[in-house]
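Here's the structure we're looking at; comments come further down.
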Amino acid sequence: MKVALGVCGGIAAYKACEIVRLLQEHGIRVQVVMTAAAQEFIRPLTFAALSGEKVIAGLWGPAGEPANLDSAIEHIAVAQSIDALLVAPCTADTLAKFAHGQADDFLSTLYLATPAPVVIAPTMNVQMWQHEATQSNLDILRKRGVQVVEPGSGYLACGMVGAGRMAEPEQIVATILAKLGIVRDLAVETVLITAGPTREPVDPVRFLGNRSSGKMGYALAEAAQRRGARVVLVSGPVALEAPAGVELVRVETAEQMRSAVVSRAAEASIIIAAAAVADFRVRKAAEQKIKRNGAISLELEPTADILQELSENRRPEQVLVGFAAETEDAVENGRAKLKRKNLDAIVINDVSRPDIGFDSDRNEVTIITADEKIEVPEDSKSKIAQRILDAALTLKTKTGRLAPAK
Ligand SMILES: Cc1cc2nc3c(=O)[nH]c(=O)nc-3n(C[C@H](O)[C@H](O)[C@H](O)COP(=O)(O)O)c2cc1C
């Protein structure tokens with residue numbers, strides 16, 4: 001998730017640093033956009049260092065070039081890539097530009113160009129705040145759906161006392177999180193998630209693998225992190241970037257995955273095993289590359305059953321969710337696995353369908369628990385991830401397996 005943070009020219013510009021940090025704590029990428037006046041108060045370098053992203057400091061670069069060479073029409077590229085625009089502090093001047101559709105700098109142009117929701121946190125001198133012009137501009141913006149985080153009253157930087165002091169960063173961030181639909185209901189949980197395939201060596205250059213892309217497990221990790229959980233993601237080799245704020249443990253073989261998972265399991269209150277772990281490995285991998293010289297046979301042996309081991313050793317308050325990738329009789333096979341491995345829930349997906357499952361961004365699953373069968377219709381893997389987390393949380397509440405508050 002990405003938020004553009006517009007910073008305008010007021011004393012409270014320094015408070016935007018705290019806003020960057022708080023947003024990042026929720027796994028949100030922050031693209032800072034500074035007005036020219038804001039740069040009189042604080043340098044772009046500060047925001048670049050805090051956000052880890054290039055700061056947008058204007059529409060124009062050196063003669064005839066865009067400000068940022070990543071994209072020729074950057075205000076449109078940013079406008080389309082963000083999930084929300086937050087302006088904090090928002091000056092009377094920028095507020096007026098927004099209200100009247102003026103677009104003479106990057107921030108005001110971005111406001112016009114983005115379809116994303118907009119939240120503003122105005123701050124100014126009490127007279128400026130109470131002025132009819134400011135109040136009528138605010139009315140226009142409110143009517144247009146812009147959410148205003150009202151300023152508080154108190155001692156203002158200009159020496160006056162009254163309304164106009166920017167709301168606290170925590171309150172501003174809470175407003176934007178609500179706008180983005182981010183709930184923090186996993187804030188006391190530690191969620192251990194496995195993802196991706198494993199690779200079992202045949203010789204130094206070949207391996208037995210499978211078609212898992214890891215997308216489902218990574219979507220779960222991102223969703224759990226956003227809902228406030230501490231997330232440990234044990235991942236086989238995949239071409240995905242770990243979601244911000246998630247602790248990533250990379251493994252390759254089923255045995256490495258077993259050892260990483262078993263060593264971290266005790267910390268977890270929810271374990272979701274979404275990895276496609278190899279069921280078999282080559283009994284004795286060749287030390288040198290096997291030459292192409294007619295048919296060969298490989299002797300395979302079963303790998304350790306990680307889910308079984310987790311189930312046997314789990315703490316009473318832990319919720320354990322498994323996955324079953326099936327190609328036939330999906331629900332019956334999944335239900336049997338739920339019982340056999342004594343899981344709290346199993347997520348069944350039919351990987352024989354080409355439009356969903358492996359490597360797809362979409363999925364359709366059935367979540368089975370001891371007394372429920374939840375059909376989750378086809379949707380993006382991030383939406384499916386939310387439903388799986390909802391089910392895990394419901395199980396925690398129902399079974400009284402609530403984690404102690406951190
Ligand atoms: C020291 C100082 C503090 C200021 N604080 C504010 C403020 O809190 N709110 C505001 O609306 N304008 C404030 N201004 C005026 C703005 O900086 C000015 O209107 C500017 O044009 C805003 O540009 P911007 O909206 O593009 O950032 C301040 C100006 C100065 C010199």
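Starting from 1 in every chain, residues are counted up; chains themselves are A, B, ... following the order of the structure tokens, and ligands are numbered from 1 as listed.
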Contacts of range 175-181 of chain A within 8 Å, only C-alpha atoms, excl. fewer than 6 positions in-chain, as an MDAnalysis selection string: chainID A and resid 83:84 86 117 119 149
Could you list the protein, DNA and RNA residues that have any atom within 8 Å of ligand 1, counting only C-alpha atoms and all ligand atoms, and write them as a short mmCIF file (atom, residue, chain, number, x, y, z; two decimals) with C-alpha atoms, in the first residue's frame?
```
data_model
loop_
_atom_site.label_atom_id
_atom_site.label_comp_id
_atom_site.auth_asym_id
_atom_site.auth_seq_id
_atom_site.Cartn_x
_atom_site.Cartn_y
_atom_site.Cartn_z
CA VAL A 7 3.93 18.57 3.05
CA CYS A 8 3.16 22.31 2.87
CA GLY A 9 4.95 25.41 4.14
CA GLY A 10 4.06 25.75 7.78
CA ILE A 11 5.89 25.41 11.08
CA ALA A 12 4.26 22.01 11.56
CA MET A 34 6.91 18.90 -0.79
CA THR A 35 5.71 22.33 -1.84
CA ALA A 36 8.34 24.99 -2.48
CA ALA A 37 7.34 26.73 0.76
CA ALA A 38 7.70 23.48 2.73
CA PRO A 89 0.37 20.04 7.31
CA CYS A 90 -2.05 21.57 4.83
CA THR A 91 -1.73 25.37 4.56
CA ALA A 92 -4.51 27.86 3.81
CA ASP A 93 -2.85 28.41 0.44
CA THR A 94 -2.86 24.73 -0.64
CA LEU A 95 -6.37 24.32 0.71
CA ASP A 105 2.68 22.95 -8.44
CA PRO A 122 -4.95 21.90 8.05
CA THR A 123 -2.88 24.09 10.33
CA MET A 124 -2.62 27.84 10.45
CA ASN A 125 -2.96 30.97 12.53
CA MET A 128 -6.48 32.51 8.94
CA ALA A 157 3.53 29.02 16.76
CA CYS A 158 2.50 32.62 15.92
CA GLY A 164 -5.44 26.12 14.08
CA ARG A 165 -2.93 23.76 15.62
#
```
Please, which residues of range 216-281 of chain A, numbered as in this document, come out helix (DSSP H, G or I) from DSSP, as JSON, numbers by chain? {"A": [216, 217, 218, 219, 220, 221, 222, 223, 224, 225, 226, 254, 255, 256, 257, 258, 259, 260, 261, 262, 263, 264, 265]}
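Near Val191 in chain A, within 6 Å and counting only C-alpha atoms, sit Val231, Ala268, Ile270 and Ile271 of chain A, not including residues fewer than 3 positions from it in the same chain.
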Do you know which residues are at most 6 Å from Thr114 in chain A counting only C-alpha atoms, after dropping those on the same chain fewer than 3 positions away, and could you put them as a list in words?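 Once the nearby chain positions are removed, what remains is Ala79, Leu110 and Tyr111 of chain A.
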List every residue of range 2-171 of chain A that DSSP, applied to the backbone of this structure, places in strand (DSSP E or B), and write the result as a VMD selection string. chain A and resid 2 to 7 29 to 34 56 60 66 84 to 90 118 to 122 147 to 148 152 to 155 161 to 165
Could those residues be written to a file, using N, CA and C atoms, as an mmCIF file, in the first residue's frame?
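New file selection08.cif:
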```cif
data_model
loop_
_atom_site.group_PDB
_atom_site.id
_atom_site.type_symbol
_atom_site.label_atom_id
_atom_site.label_comp_id
_atom_site.auth_asym_id
_atom_site.auth_seq_id
_atom_site.Cartn_x
_atom_site.Cartn_y
_atom_site.Cartn_z
ATOM 1 N N LYS A 2 0.444 2.268 -0.735
ATOM 2 C CA LYS A 2 1.291 3.462 -0.872
ATOM 3 C C LYS A 2 0.460 4.724 -0.637
ATOM 4 N N VAL A 3 1.024 5.625 0.157
ATOM 5 C CA VAL A 3 0.361 6.897 0.436
ATOM 6 C C VAL A 3 1.285 8.025 -0.019
ATOM 7 N N ALA A 4 0.727 9.014 -0.722
ATOM 8 C CA ALA A 4 1.502 10.220 -1.012
ATOM 9 C C ALA A 4 1.257 11.180 0.144
ATOM 10 N N LEU A 5 2.347 11.659 0.737
ATOM 11 C CA LEU A 5 2.226 12.601 1.850
ATOM 12 C C LEU A 5 2.643 13.979 1.352
ATOM 13 N N GLY A 6 1.664 14.868 1.212
ATOM 14 C CA GLY A 6 1.954 16.241 0.800
ATOM 15 C C GLY A 6 2.339 17.055 2.023
ATOM 16 N N VAL A 7 3.463 17.750 1.928
ATOM 17 C CA VAL A 7 3.926 18.575 3.050
ATOM 18 C C VAL A 7 3.957 20.033 2.571
ATOM 19 N N ARG A 29 4.109 2.277 2.200
ATOM 20 C CA ARG A 29 5.166 3.043 1.534
ATOM 21 C C ARG A 29 4.731 4.503 1.460
ATOM 22 N N VAL A 30 5.676 5.396 1.692
ATOM 23 C CA VAL A 30 5.308 6.821 1.713
ATOM 24 C C VAL A 30 6.081 7.575 0.626
ATOM 25 N N GLN A 31 5.338 8.211 -0.265
ATOM 26 C CA GLN A 31 5.939 9.080 -1.282
ATOM 27 C C GLN A 31 5.725 10.518 -0.831
ATOM 28 N N VAL A 32 6.798 11.160 -0.393
ATOM 29 C CA VAL A 32 6.657 12.539 0.095
ATOM 30 C C VAL A 32 6.687 13.519 -1.085
ATOM 31 N N VAL A 33 5.736 14.448 -1.062
ATOM 32 C CA VAL A 33 5.673 15.525 -2.063
ATOM 33 C C VAL A 33 5.742 16.835 -1.282
ATOM 34 N N MET A 34 6.766 17.649 -1.539
ATOM 35 C CA MET A 34 6.908 18.897 -0.787
ATOM 36 C C MET A 34 6.593 20.097 -1.675
ATOM 37 N N ILE A 56 9.559 14.156 -3.993
ATOM 38 C CA ILE A 56 9.167 14.996 -5.131
ATOM 39 C C ILE A 56 9.089 16.438 -4.639
ATOM 40 N N TRP A 60 9.034 20.633 -12.051
ATOM 41 C CA TRP A 60 10.051 20.800 -13.094
ATOM 42 C C TRP A 60 11.443 20.419 -12.622
ATOM 43 N N PRO A 66 11.527 16.701 -16.960
ATOM 44 C CA PRO A 66 10.651 16.509 -15.805
ATOM 45 C C PRO A 66 11.475 16.494 -14.535
ATOM 46 N N ALA A 84 -3.892 6.551 -1.322
ATOM 47 C CA ALA A 84 -4.493 7.721 -0.673
ATOM 48 C C ALA A 84 -3.509 8.886 -0.763
ATOM 49 N N LEU A 85 -4.077 10.094 -0.737
ATOM 50 C CA LEU A 85 -3.252 11.309 -0.657
ATOM 51 C C LEU A 85 -3.534 11.941 0.703
ATOM 52 N N LEU A 86 -2.461 12.127 1.471
ATOM 53 C CA LEU A 86 -2.585 12.776 2.771
ATOM 54 C C LEU A 86 -1.802 14.079 2.717
ATOM 55 N N VAL A 87 -2.395 15.170 3.119
ATOM 56 C CA VAL A 87 -1.649 16.437 3.144
ATOM 57 C C VAL A 87 -1.578 16.916 4.592
ATOM 58 N N ALA A 88 -0.370 16.912 5.128
ATOM 59 C CA ALA A 88 -0.191 17.280 6.536
ATOM 60 C C ALA A 88 1.233 17.800 6.753
ATOM 61 N N PRO A 89 1.395 19.046 7.103
ATOM 62 C CA PRO A 89 0.369 20.040 7.310
ATOM 63 C C PRO A 89 -0.166 20.577 5.990
ATOM 64 N N CYS A 90 -1.441 20.956 6.015
ATOM 65 C CA CYS A 90 -2.053 21.571 4.832
ATOM 66 C C CYS A 90 -2.249 23.065 5.135
ATOM 67 N N VAL A 118 -8.683 11.454 -0.389
ATOM 68 C CA VAL A 118 -7.800 12.538 0.071
ATOM 69 C C VAL A 118 -8.141 12.900 1.525
ATOM 70 N N VAL A 119 -7.101 13.001 2.337
ATOM 71 C CA VAL A 119 -7.249 13.426 3.735
ATOM 72 C C VAL A 119 -6.331 14.628 3.929
ATOM 73 N N ILE A 120 -6.861 15.694 4.539
ATOM 74 C CA ILE A 120 -5.999 16.861 4.795
ATOM 75 C C ILE A 120 -6.012 17.208 6.289
ATOM 76 N N ALA A 121 -4.866 17.654 6.764
ATOM 77 C CA ALA A 121 -4.764 18.091 8.164
ATOM 78 C C ALA A 121 -4.328 19.560 8.159
ATOM 79 N N PRO A 122 -5.303 20.476 8.138
ATOM 80 C CA PRO A 122 -4.946 21.901 8.053
ATOM 81 C C PRO A 122 -4.285 22.401 9.334
ATOM 82 N N GLN A 147 -11.559 14.299 3.319
ATOM 83 C CA GLN A 147 -11.721 14.197 4.777
ATOM 84 C C GLN A 147 -10.775 15.180 5.469
ATOM 85 N N VAL A 148 -11.338 15.946 6.371
ATOM 86 C CA VAL A 148 -10.537 16.978 7.048
ATOM 87 C C VAL A 148 -10.275 16.516 8.484
ATOM 88 N N GLY A 152 -6.596 21.285 16.263
ATOM 89 C CA GLY A 152 -6.965 21.451 17.671
ATOM 90 C C GLY A 152 -6.786 22.897 18.094
ATOM 91 N N SER A 153 -7.183 23.174 19.327
ATOM 92 C CA SER A 153 -6.986 24.518 19.870
ATOM 93 C C SER A 153 -5.782 24.497 20.803
ATOM 94 N N GLY A 154 -5.184 25.629 20.963
ATOM 95 C CA GLY A 154 -4.071 25.687 21.903
ATOM 96 C C GLY A 154 -3.125 26.794 21.520
ATOM 97 N N TYR A 155 -1.928 26.737 22.050
ATOM 98 C CA TYR A 155 -0.917 27.741 21.777
ATOM 99 C C TYR A 155 -0.370 27.516 20.375
ATOM 100 N N VAL A 161 -3.374 32.137 20.761
ATOM 101 C CA VAL A 161 -4.006 30.937 21.299
ATOM 102 C C VAL A 161 -5.354 30.781 20.601
ATOM 103 N N GLY A 162 -5.662 29.592 20.146
ATOM 104 C CA GLY A 162 -6.956 29.368 19.477
ATOM 105 C C GLY A 162 -6.896 28.168 18.562
ATOM 106 N N ALA A 163 -7.927 28.051 17.689
ATOM 107 C CA ALA A 163 -7.989 26.905 16.772
ATOM 108 C C ALA A 163 -6.966 27.089 15.657
ATOM 109 N N GLY A 164 -6.380 26.024 15.191
ATOM 110 C CA GLY A 164 -5.443 26.125 14.079
ATOM 111 C C GLY A 164 -4.220 25.232 14.229
ATOM 112 N N ARG A 165 -4.101 24.613 15.410
ATOM 113 C CA ARG A 165 -2.930 23.758 15.621
ATOM 114 C C ARG A 165 -3.169 22.390 14.972
#
```
